[in-house]
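Shown below: upload-v4.cif, with mmCIF, C-alpha atoms (C1' of nucleotides).
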```
data_my_file
#
loop_
_atom_site.label_atom_id
_atom_site.label_comp_id
_atom_site.auth_asym_id
_atom_site.auth_seq_id
_atom_site.Cartn_x
_atom_site.Cartn_y
_atom_site.Cartn_z
CA MET Y 1 0.02 5.89 4.93
CA LEU Y 2 0.78 3.10 7.36
CA SER Y 3 1.65 -0.34 6.07
CA ASN Y 4 -0.05 -3.39 7.43
CA SER Y 5 3.26 -4.41 8.94
CA SER Y 6 3.49 -1.19 10.90
CA LYS Y 7 -0.01 -1.63 12.17
CA TYR Y 8 0.77 -5.17 13.26
CA ALA Y 9 3.93 -3.99 14.95
CA ILE Y 10 2.08 -1.29 16.85
CA LYS Y 11 -0.49 -3.83 17.98
CA GLY Y 12 2.24 -6.11 19.22
CA VAL Y 13 4.01 -3.36 21.11
CA LEU Y 14 0.72 -2.27 22.63
CA TYR Y 15 0.19 -5.77 23.90
CA LEU Y 16 3.65 -5.77 25.40
CA ALA Y 17 2.99 -2.42 27.00
CA LEU Y 18 -0.04 -3.80 28.76
CA ASN Y 19 1.21 -7.29 29.56
CA SER Y 20 4.96 -7.39 29.92
CA SER Y 21 7.76 -6.10 32.06
CA GLU Y 22 11.44 -6.72 32.74
CA ASP Y 23 10.55 -9.74 34.86
CA HIS Y 24 7.50 -10.86 32.97
CA LYS Y 25 8.46 -11.55 29.41
CA VAL Y 26 5.94 -12.88 26.94
CA MET Y 27 6.26 -15.20 23.99
CA VAL Y 28 4.93 -14.52 20.53
CA ARG Y 29 2.75 -17.57 21.04
CA ASP Y 30 0.84 -15.70 23.73
CA ILE Y 31 0.37 -12.54 21.73
CA PHE Y 32 -0.56 -13.35 18.19
CA GLU Y 33 -4.08 -14.62 18.81
CA VAL Y 34 -5.06 -11.62 20.89
CA VAL Y 35 -3.92 -9.07 18.36
CA HIS Y 36 -5.01 -11.06 15.31
CA VAL Y 37 -1.66 -11.24 13.56
CA PRO Y 38 -0.13 -14.43 12.10
CA GLU Y 39 2.33 -15.91 14.59
CA ALA Y 40 5.43 -16.17 12.39
CA TYR Y 41 4.82 -12.78 10.90
CA LEU Y 42 4.44 -11.09 14.26
CA ALA Y 43 7.62 -12.81 15.42
CA LYS Y 44 9.51 -11.30 12.51
CA LEU Y 45 8.24 -7.83 13.26
CA LEU Y 46 9.03 -8.02 16.96
CA GLN Y 47 12.49 -9.34 16.18
CA GLU Y 48 13.06 -6.39 13.91
CA LEU Y 49 11.92 -3.97 16.58
CA SER Y 50 14.12 -5.68 19.13
CA ARG Y 51 17.12 -5.54 16.83
CA HIS Y 52 16.62 -1.80 16.53
CA GLY Y 53 16.25 -1.33 20.25
CA VAL Y 54 12.63 -0.27 20.22
CA ILE Y 55 11.60 -3.24 22.34
CA SER Y 56 13.58 -5.78 24.38
CA SER Y 57 13.93 -9.53 24.16
CA VAL Y 58 15.71 -12.44 25.78
CA ARG Y 59 16.28 -15.85 24.23
CA GLY Y 60 15.97 -19.23 25.77
CA PRO Y 61 13.65 -20.68 28.36
CA LYS Y 62 11.87 -18.05 30.41
CA GLY Y 63 12.73 -15.67 27.62
CA GLY Y 64 10.46 -13.62 25.42
CA PHE Y 65 9.71 -10.06 24.44
CA TYR Y 66 9.04 -7.21 26.82
CA LEU Y 67 9.17 -3.46 27.24
CA SER Y 68 11.65 -1.94 29.64
CA GLU Y 69 10.78 1.32 31.30
CA ASP Y 70 12.91 3.09 28.71
CA ASP Y 71 11.27 1.25 25.84
CA ARG Y 72 7.98 2.74 26.90
CA LYS Y 73 9.23 6.18 26.11
CA HIS Y 74 9.48 5.37 22.44
CA THR Y 75 6.98 6.98 20.12
CA LEU Y 76 4.74 5.39 17.54
CA MET Y 77 6.94 6.95 14.91
CA ASP Y 78 9.93 4.99 16.26
CA ILE Y 79 8.04 1.82 15.47
CA VAL Y 80 6.90 2.96 12.06
CA LYS Y 81 10.40 4.06 11.08
CA VAL Y 82 11.84 0.63 11.82
CA ILE Y 83 9.15 -1.23 9.93
CA ASP Y 84 8.29 1.06 7.02
CA GLY Y 85 11.36 3.23 6.87
CA GLU Y 86 11.29 6.96 7.16
CA LYS Y 87 10.68 7.66 3.49
CA ARG Y 88 7.25 6.12 3.28
CA VAL Y 89 5.66 8.24 5.96
CA ASN Y 90 7.24 11.51 4.99
CA SER Y 91 6.84 11.25 1.25
CA CYS Y 92 4.49 13.53 -0.65
CA VAL Y 93 0.88 12.39 -0.45
CA MET Y 94 0.80 12.45 -4.21
CA GLY Y 95 4.17 10.84 -4.66
CA ILE Y 96 5.41 13.76 -6.68
CA ARG Y 97 9.16 14.04 -7.02
CA ASP Y 98 10.75 16.85 -5.10
CA CYS Y 99 7.43 17.93 -3.72
CA ASN Y 100 7.86 19.11 -0.17
CA MET Y 101 6.69 21.80 2.18
CA ASN Y 102 8.76 24.41 0.38
CA ASN Y 103 7.67 23.52 -3.10
CA PRO Y 104 4.31 21.84 -2.60
CA CYS Y 105 2.06 20.61 -5.35
CA VAL Y 106 -1.53 21.74 -5.31
CA LEU Y 107 -2.80 18.59 -3.71
CA HIS Y 108 -0.08 18.71 -1.15
CA LYS Y 109 -1.29 22.10 -0.03
CA LEU Y 110 -4.78 20.75 0.13
CA VAL Y 111 -4.13 17.75 2.33
CA GLY Y 112 -0.75 18.72 3.66
CA ALA Y 113 -2.09 20.17 6.85
CA ASN Y 114 -3.82 16.95 7.80
CA LYS Y 115 -0.87 14.88 6.86
CA SER Y 116 1.52 16.82 9.05
CA LYS Y 117 -0.97 16.51 11.84
CA PHE Y 118 -0.97 12.76 11.47
CA ILE Y 119 2.80 12.65 11.55
CA ASP Y 120 2.74 14.92 14.57
CA VAL Y 121 0.59 12.43 16.40
CA LEU Y 122 2.92 9.60 15.54
CA GLU Y 123 5.94 11.54 16.63
CA ASN Y 124 4.53 12.87 19.86
CA THR Y 125 2.64 9.88 21.16
CA THR Y 126 4.68 7.53 23.30
CA ILE Y 127 3.70 4.03 24.30
CA LEU Y 128 3.16 5.36 27.78
CA ASP Y 129 0.76 8.01 26.50
CA LEU Y 130 -1.20 5.38 24.69
CA ILE Y 131 -1.82 3.02 27.57
CA ASP Y 132 -2.33 5.78 30.07
CA GLY Y 133 -5.46 4.91 31.96
CA LYS Y 134 -6.09 1.70 30.04
CA GLN Y 135 -6.08 -1.70 31.70
CA SER Y 136 -7.35 -4.27 29.31
CA VAL Y 137 -6.16 -5.32 25.91
CA GLU Y 138 -9.75 -5.48 24.83
CA GLU Y 139 -9.94 -1.74 24.89
CA PHE Y 140 -7.33 -1.69 22.18
CA PHE Y 141 -8.41 -4.64 20.14
CA PRO Y 142 -12.18 -4.84 19.97
CA LEU Y 143 -13.07 -8.33 18.75
CA MET P 1 -4.29 5.93 2.34
CA LEU P 2 -4.25 6.63 -1.37
CA SER P 3 -2.92 4.02 -3.76
CA ASN P 4 -0.46 4.93 -6.46
CA SER P 5 -3.17 4.22 -8.97
CA SER P 6 -5.46 6.78 -7.42
CA LYS P 7 -2.74 9.36 -7.40
CA TYR P 8 -2.00 8.70 -11.05
CA ALA P 9 -5.67 8.92 -11.88
CA ILE P 10 -6.02 12.25 -10.12
CA LYS P 11 -3.02 13.58 -11.99
CA GLY P 12 -4.53 12.48 -15.26
CA VAL P 13 -7.87 14.07 -14.51
CA LEU P 14 -6.15 17.25 -13.45
CA TYR P 15 -4.40 17.36 -16.79
CA LEU P 16 -7.70 16.90 -18.55
CA ALA P 17 -9.25 19.63 -16.46
CA LEU P 18 -6.60 22.06 -17.61
CA ASN P 19 -6.19 20.93 -21.19
CA SER P 20 -9.33 19.36 -22.55
CA SER P 21 -12.89 20.16 -23.44
CA GLU P 22 -15.82 18.69 -25.35
CA ASP P 23 -14.25 19.82 -28.61
CA HIS P 24 -10.64 19.41 -27.68
CA LYS P 25 -10.05 15.83 -26.67
CA VAL P 26 -6.61 14.63 -25.74
CA MET P 27 -4.87 11.32 -26.18
CA VAL P 28 -3.06 9.43 -23.47
CA ARG P 29 0.04 9.87 -25.57
CA ASP P 30 -0.08 13.60 -24.91
CA ILE P 31 -0.63 13.27 -21.19
CA PHE P 32 1.60 10.61 -19.77
CA GLU P 33 4.93 12.41 -20.08
CA VAL P 34 3.66 15.56 -18.43
CA VAL P 35 2.22 13.80 -15.42
CA HIS P 36 4.99 11.21 -15.14
CA VAL P 37 2.84 8.11 -15.35
CA PRO P 38 3.57 5.11 -17.62
CA GLU P 39 1.52 5.44 -20.80
CA ALA P 40 -0.25 2.09 -20.79
CA TYR P 41 -0.94 2.30 -17.13
CA LEU P 42 -2.46 5.75 -17.38
CA ALA P 43 -4.56 4.58 -20.30
CA LYS P 44 -6.00 1.83 -18.17
CA LEU P 45 -6.87 4.17 -15.35
CA LEU P 46 -8.53 6.71 -17.63
CA GLN P 47 -10.49 3.95 -19.32
CA GLU P 48 -11.73 2.82 -15.94
CA LEU P 49 -12.76 6.34 -15.00
CA SER P 50 -14.51 6.76 -18.32
CA ARG P 51 -16.35 3.49 -17.93
CA HIS P 52 -17.66 4.75 -14.60
CA GLY P 53 -18.71 8.09 -16.03
CA VAL P 54 -16.23 10.18 -14.09
CA ILE P 55 -14.58 11.41 -17.26
CA SER P 56 -15.57 11.25 -20.94
CA SER P 57 -13.96 9.65 -23.97
CA VAL P 58 -14.47 9.07 -27.65
CA ARG P 59 -12.79 6.41 -29.74
CA GLY P 60 -11.25 6.72 -33.15
CA PRO P 61 -9.60 9.58 -34.98
CA LYS P 62 -10.12 12.95 -33.34
CA GLY P 63 -11.03 10.95 -30.30
CA GLY P 64 -9.49 10.98 -26.87
CA PHE P 65 -10.33 11.73 -23.28
CA TYR P 66 -11.86 14.93 -22.01
CA LEU P 67 -13.91 16.46 -19.23
CA SER P 68 -17.40 17.70 -19.95
CA GLU P 69 -18.74 20.55 -17.89
CA ASP P 70 -20.60 18.02 -15.77
CA ASP P 71 -17.50 15.89 -15.32
CA ARG P 72 -15.79 18.83 -13.69
CA LYS P 73 -18.27 18.75 -10.87
CA HIS P 74 -17.00 15.39 -9.72
CA THR P 75 -15.02 15.26 -6.51
CA LEU P 76 -11.64 13.74 -5.83
CA MET P 77 -13.44 11.07 -3.87
CA ASP P 78 -15.36 10.08 -7.01
CA ILE P 79 -12.04 9.30 -8.63
CA VAL P 80 -10.65 7.46 -5.63
CA LYS P 81 -13.78 5.36 -5.27
CA VAL P 82 -13.53 4.11 -8.83
CA ILE P 83 -9.84 3.25 -8.60
CA ASP P 84 -9.39 2.08 -5.02
CA GLY P 85 -12.91 1.20 -4.09
CA GLU P 86 -14.75 2.69 -1.20
CA LYS P 87 -13.49 0.23 1.38
CA ARG P 88 -9.86 1.22 1.23
CA VAL P 89 -10.36 4.85 2.08
CA ASN P 90 -12.94 4.37 4.75
CA SER P 91 -11.37 1.43 6.51
CA CYS P 92 -9.96 1.78 9.99
CA VAL P 93 -6.50 3.29 10.06
CA MET P 94 -5.38 0.30 12.04
CA GLY P 95 -7.23 -2.20 9.94
CA ILE P 96 -9.09 -3.47 12.95
CA ARG P 97 -12.21 -5.46 12.24
CA ASP P 98 -15.44 -3.73 13.09
CA CYS P 99 -13.63 -0.66 14.23
CA ASN P 100 -15.61 2.38 13.25
CA MET P 101 -16.68 5.74 14.53
CA ASN P 102 -19.10 4.13 16.95
CA ASN P 103 -16.73 1.53 18.31
CA PRO P 104 -13.30 3.03 17.74
CA CYS P 105 -10.03 1.50 18.82
CA VAL P 106 -7.64 3.64 20.78
CA LEU P 107 -5.54 4.51 17.79
CA HIS P 108 -8.57 5.32 15.78
CA LYS P 109 -9.54 7.94 18.31
CA LEU P 110 -6.04 9.30 18.16
CA VAL P 111 -5.75 9.77 14.44
CA GLY P 112 -9.41 9.54 13.58
CA ALA P 113 -9.92 13.26 13.54
CA ASN P 114 -7.20 13.79 10.96
CA LYS P 115 -8.38 10.94 8.89
CA SER P 116 -11.93 12.20 8.67
CA LYS P 117 -10.56 15.55 7.72
CA PHE P 118 -8.66 14.01 4.86
CA ILE P 119 -11.76 12.23 3.65
CA ASP P 120 -13.68 15.48 3.99
CA VAL P 121 -11.23 17.16 1.67
CA LEU P 122 -11.56 14.39 -0.87
CA GLU P 123 -15.31 14.48 -0.73
CA ASN P 124 -15.74 18.21 -0.88
CA THR P 125 -13.12 19.20 -3.42
CA THR P 126 -14.32 19.13 -7.01
CA ILE P 127 -12.12 19.25 -10.06
CA LEU P 128 -13.35 22.78 -10.61
CA ASP P 129 -12.27 23.78 -7.12
CA LEU P 130 -8.84 22.40 -7.77
CA ILE P 131 -8.06 24.23 -10.96
CA ASP P 132 -9.70 27.43 -9.87
CA GLY P 133 -7.28 30.21 -10.66
CA LYS P 134 -4.64 27.88 -12.08
CA GLN P 135 -3.51 28.04 -15.70
CA SER P 136 -0.49 25.87 -16.18
CA VAL P 137 0.03 22.23 -15.63
CA GLU P 138 3.39 23.05 -14.14
CA GLU P 139 1.72 24.46 -11.11
CA PHE P 140 0.35 21.02 -10.44
CA PHE P 141 3.28 18.93 -11.46
CA PRO P 142 6.52 20.56 -10.44
CA LEU P 143 9.31 18.84 -12.39
"C1'" DC R 1 26.42 -31.50 30.40
"C1'" DA R 2 22.11 -32.55 28.21
"C1'" DT R 3 17.87 -30.86 27.15
"C1'" DA R 4 14.34 -27.92 26.17
"C1'" DA R 5 12.66 -23.24 25.37
"C1'" DA R 6 12.69 -19.31 22.91
"C1'" DA R 7 14.31 -15.74 19.72
"C1'" DA R 8 17.09 -15.00 15.32
"C1'" DG R 9 17.76 -15.69 10.70
"C1'" DG R 10 17.30 -17.29 5.97
"C1'" DA R 11 14.79 -19.06 2.22
"C1'" DT R 12 10.79 -19.21 -0.04
"C1'" DA R 13 5.80 -19.00 -1.10
"C1'" DA R 14 1.51 -16.49 -1.97
"C1'" DG R 15 -0.90 -12.44 -3.19
"C1'" DA R 16 -1.71 -7.81 -4.35
"C1'" DA R 17 -0.31 -3.84 -6.69
"C1'" DT R 18 1.84 -2.14 -10.54
"C1'" DG R 19 3.08 -2.07 -15.19
"C1'" DT R 20 3.24 -3.85 -20.34
"C1'" DC R 21 1.64 -5.82 -24.57
"C1'" DT R 22 -1.68 -7.44 -27.98
"C1'" DT R 23 -6.10 -7.68 -29.86
"C1'" DT R 24 -10.71 -5.75 -30.49
"C1'" DT R 25 -14.04 -2.15 -31.31
"C1'" DA R 26 -15.63 2.22 -32.87
"C1'" DA R 27 -15.17 6.63 -35.13
"C1'" DT R 28 -13.45 9.50 -38.83
"C1'" DC R 29 -11.62 10.62 -43.23
"C1'" DT R 30 -10.64 9.85 -47.78
"C1'" DA K 1 -16.38 0.94 -48.60
"C1'" DG K 2 -11.78 0.82 -46.90
"C1'" DA K 3 -7.95 2.63 -44.39
"C1'" DT K 4 -6.56 4.74 -40.42
"C1'" DT K 5 -6.74 6.29 -35.82
"C1'" DA K 6 -7.56 6.00 -31.08
"C1'" DA K 7 -9.85 4.14 -27.01
"C1'" DA K 8 -11.49 -0.40 -24.84
"C1'" DA K 9 -10.51 -4.72 -23.26
"C1'" DG K 10 -8.05 -8.32 -21.68
"C1'" DA K 11 -3.99 -11.31 -21.20
"C1'" DC K 12 0.46 -11.34 -19.48
"C1'" DA K 13 4.76 -9.88 -16.80
"C1'" DT K 14 7.02 -7.81 -12.95
"C1'" DT K 15 7.72 -6.11 -8.48
"C1'" DC K 16 6.56 -5.32 -3.67
"C1'" DT K 17 4.19 -6.55 0.31
"C1'" DT K 18 2.70 -9.94 3.14
"C1'" DA K 19 3.13 -14.37 5.08
"C1'" DT K 20 5.07 -19.07 6.18
"C1'" DC K 21 8.44 -22.52 7.07
"C1'" DC K 22 12.54 -24.42 8.66
"C1'" DT K 23 17.01 -24.24 10.55
"C1'" DT K 24 20.32 -22.10 13.73
"C1'" DT K 25 21.76 -19.82 17.84
"C1'" DT K 26 21.28 -18.61 22.53
"C1'" DT K 27 20.19 -19.42 27.28
"C1'" DA K 28 18.04 -21.24 31.43
"C1'" DT K 29 17.47 -25.28 34.07
"C1'" DG K 30 17.50 -30.09 35.75
#
```
Kindly return the structure encoded in the file as structure tokens.
Amino acid sequence: MLSNSSKYAIKGVLYLALNSSEDHKVMVRDIFEVVHVPEAYLAKLLQELSRHGVISSVRGPKGGFYLSEDDRKHTLMDIVKVIDGEKRVNSCVMGIRDCNMNNPCVLHKLVGANKSKFIDVLENTTILDLIDGKQSVEEFFPL
Amino acid sequence: MLSNSSKYAIKGVLYLALNSSEDHKVMVRDIFEVVHVPEAYLAKLLQELSRHGVISSVRGPKGGFYLSEDDRKHTLMDIVKVIDGEKRVNSCVMGIRDCNMNNPCVLHKLVGANKSKFIDVLENTTILDLIDGKQSVEEFFPL
DNA sequence: CATAAAAAGGATAAGAATGTCTTTTAATCT
DNA sequence: AGATTAAAAGACATTCTTATCCTTTTTATG
């Protein structure tokens, strides 16, 4: 449903949401241990997100990744689309060709409702929504 | 959420549910084209299911795979457990260590409800339930 | 301008999932 | 009994995801 990479990416963005701003950028080096994702791998993912405008980054000394106010309005789905591509999330649960809401296979009908719900959540939850009322990273990453 | 292998396995079992019985066993050769799964790969999956008692099989001439009356009482989850293992389905959506219903991460709370629902469906839908009222394989495998 | 800091990018390795092929075992039929 | 048929088993190949490494580019600062 969600690839590991997408999960990692979400974790990273969550960290940025809680710990960064336009004038407080953070380096991958400061993030990866907290969110339990390999440093180089996380870097790749954040770069990809930055390239697609989901998060922001600045090179050089005093540089790093951060979320602008606008970035925070992005949804979880925006992240997932960049990392996994649209196809993966929207494809039929059973991977049946040409199975969709109009012409659903039996299993699709069965689990379809839940699936759409899941996608709904991804599409309608922004970063801001997620961190609303939360202060510490620990709340997001137990252990 | 569900591996390809599990999906294939479910398709295969569904075919058996519709087309086999104690005295009408079917060979992989007759199944794989209909359900769009590579022959050798499907064979492997069915063998695995048979080994674990989820479906039945007999070797040699007039042999093949089939579902006994008892087999039909198995749930989708029984299939998934054999192919994917229990861990995969039950693990935290975010893959966070020690995240569970008691100590859920933020995302878990968010999508947890849908996830449990999905698992519910798997656990409470038997093969019999699935084919109830269905005659043709085409209903299950459009295209 | 030199230097250091940091992301960006490319190449490649490691591993898991997926898929194929060959041999073995068991059942049936002549 | 012997030949044939079909699943069982296991070795092998391929592809995709995940992960690492190393070099290049950019930028701030002394």
Next item on the list: Could you tell me which residues the PyMOL selection byres ((chain Y) within 10 of (chain R)) grabs in this file, written as a list in words?
Entry: Met27, Val28, Ala43, Lys44, Leu46, Gln47, Glu48, Arg51, Ser57, Val58, Arg59, Gly60, Pro61, Lys62, Gly63, Gly64 and Phe65 of chain Y
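Evaluated against the shown file, the PyMOL selection byres ((chain K) within 10 of (chain P)) gives DT4, DT5, DA6, DA7, DA8 and DA9 of chain K.
Within the file as shown, the PyMOL selection byres ((chain K and resi 20) around 8) identifies Ala40 and Tyr41 of chain Y; DA13 of chain R; DA19 and DC21 of chain K.
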Contact residues around Leu67 in chain Y with all atoms listed in the file at 9 Å, ignoring same-chain residues under 5 positions, as a compact mmCIF listing (two decimals) with C-alpha atoms, in the coordinates of the input:
```txt
# COMPACT_ATOMS: atom_id res chain seq x y z
CA VAL Y 13 4.01 -3.36 21.11
CA LEU Y 16 3.65 -5.77 25.40
CA ALA Y 17 2.99 -2.42 27.00
CA SER Y 20 4.96 -7.39 29.92
CA SER Y 21 7.76 -6.10 32.06
CA GLU Y 22 11.44 -6.72 32.74
CA LYS Y 25 8.46 -11.55 29.41
CA VAL Y 54 12.63 -0.27 20.22
CA ILE Y 55 11.60 -3.24 22.34
CA SER Y 56 13.58 -5.78 24.38
CA SER Y 57 13.93 -9.53 24.16
CA ARG Y 72 7.98 2.74 26.90
```
Quick one: what's the axis-aligned box for range 6-10 of chain K, all listed atoms, 5 Å on every side, centre and edges in Å to one decimal, as AutoDock Vina command-line options?
```
--center_x -9.5 --center_y -1.2 --center_z -26.4 --size_x 13.9 --size_y 24.3 --size_z 19.4
```
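Distances here use all atoms listed in the file; by that measure, the residue among P:Val37, P:Leu42, P:Val82, P:Ile31 closest to chain Y is P:Val37.
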Margin query: For a test of reading the model, state the distance in Å between CA of Leu14 in chain Y and CA of Pro38 in chain Y, rounded to one decimal.
Written below: 16.1 Å
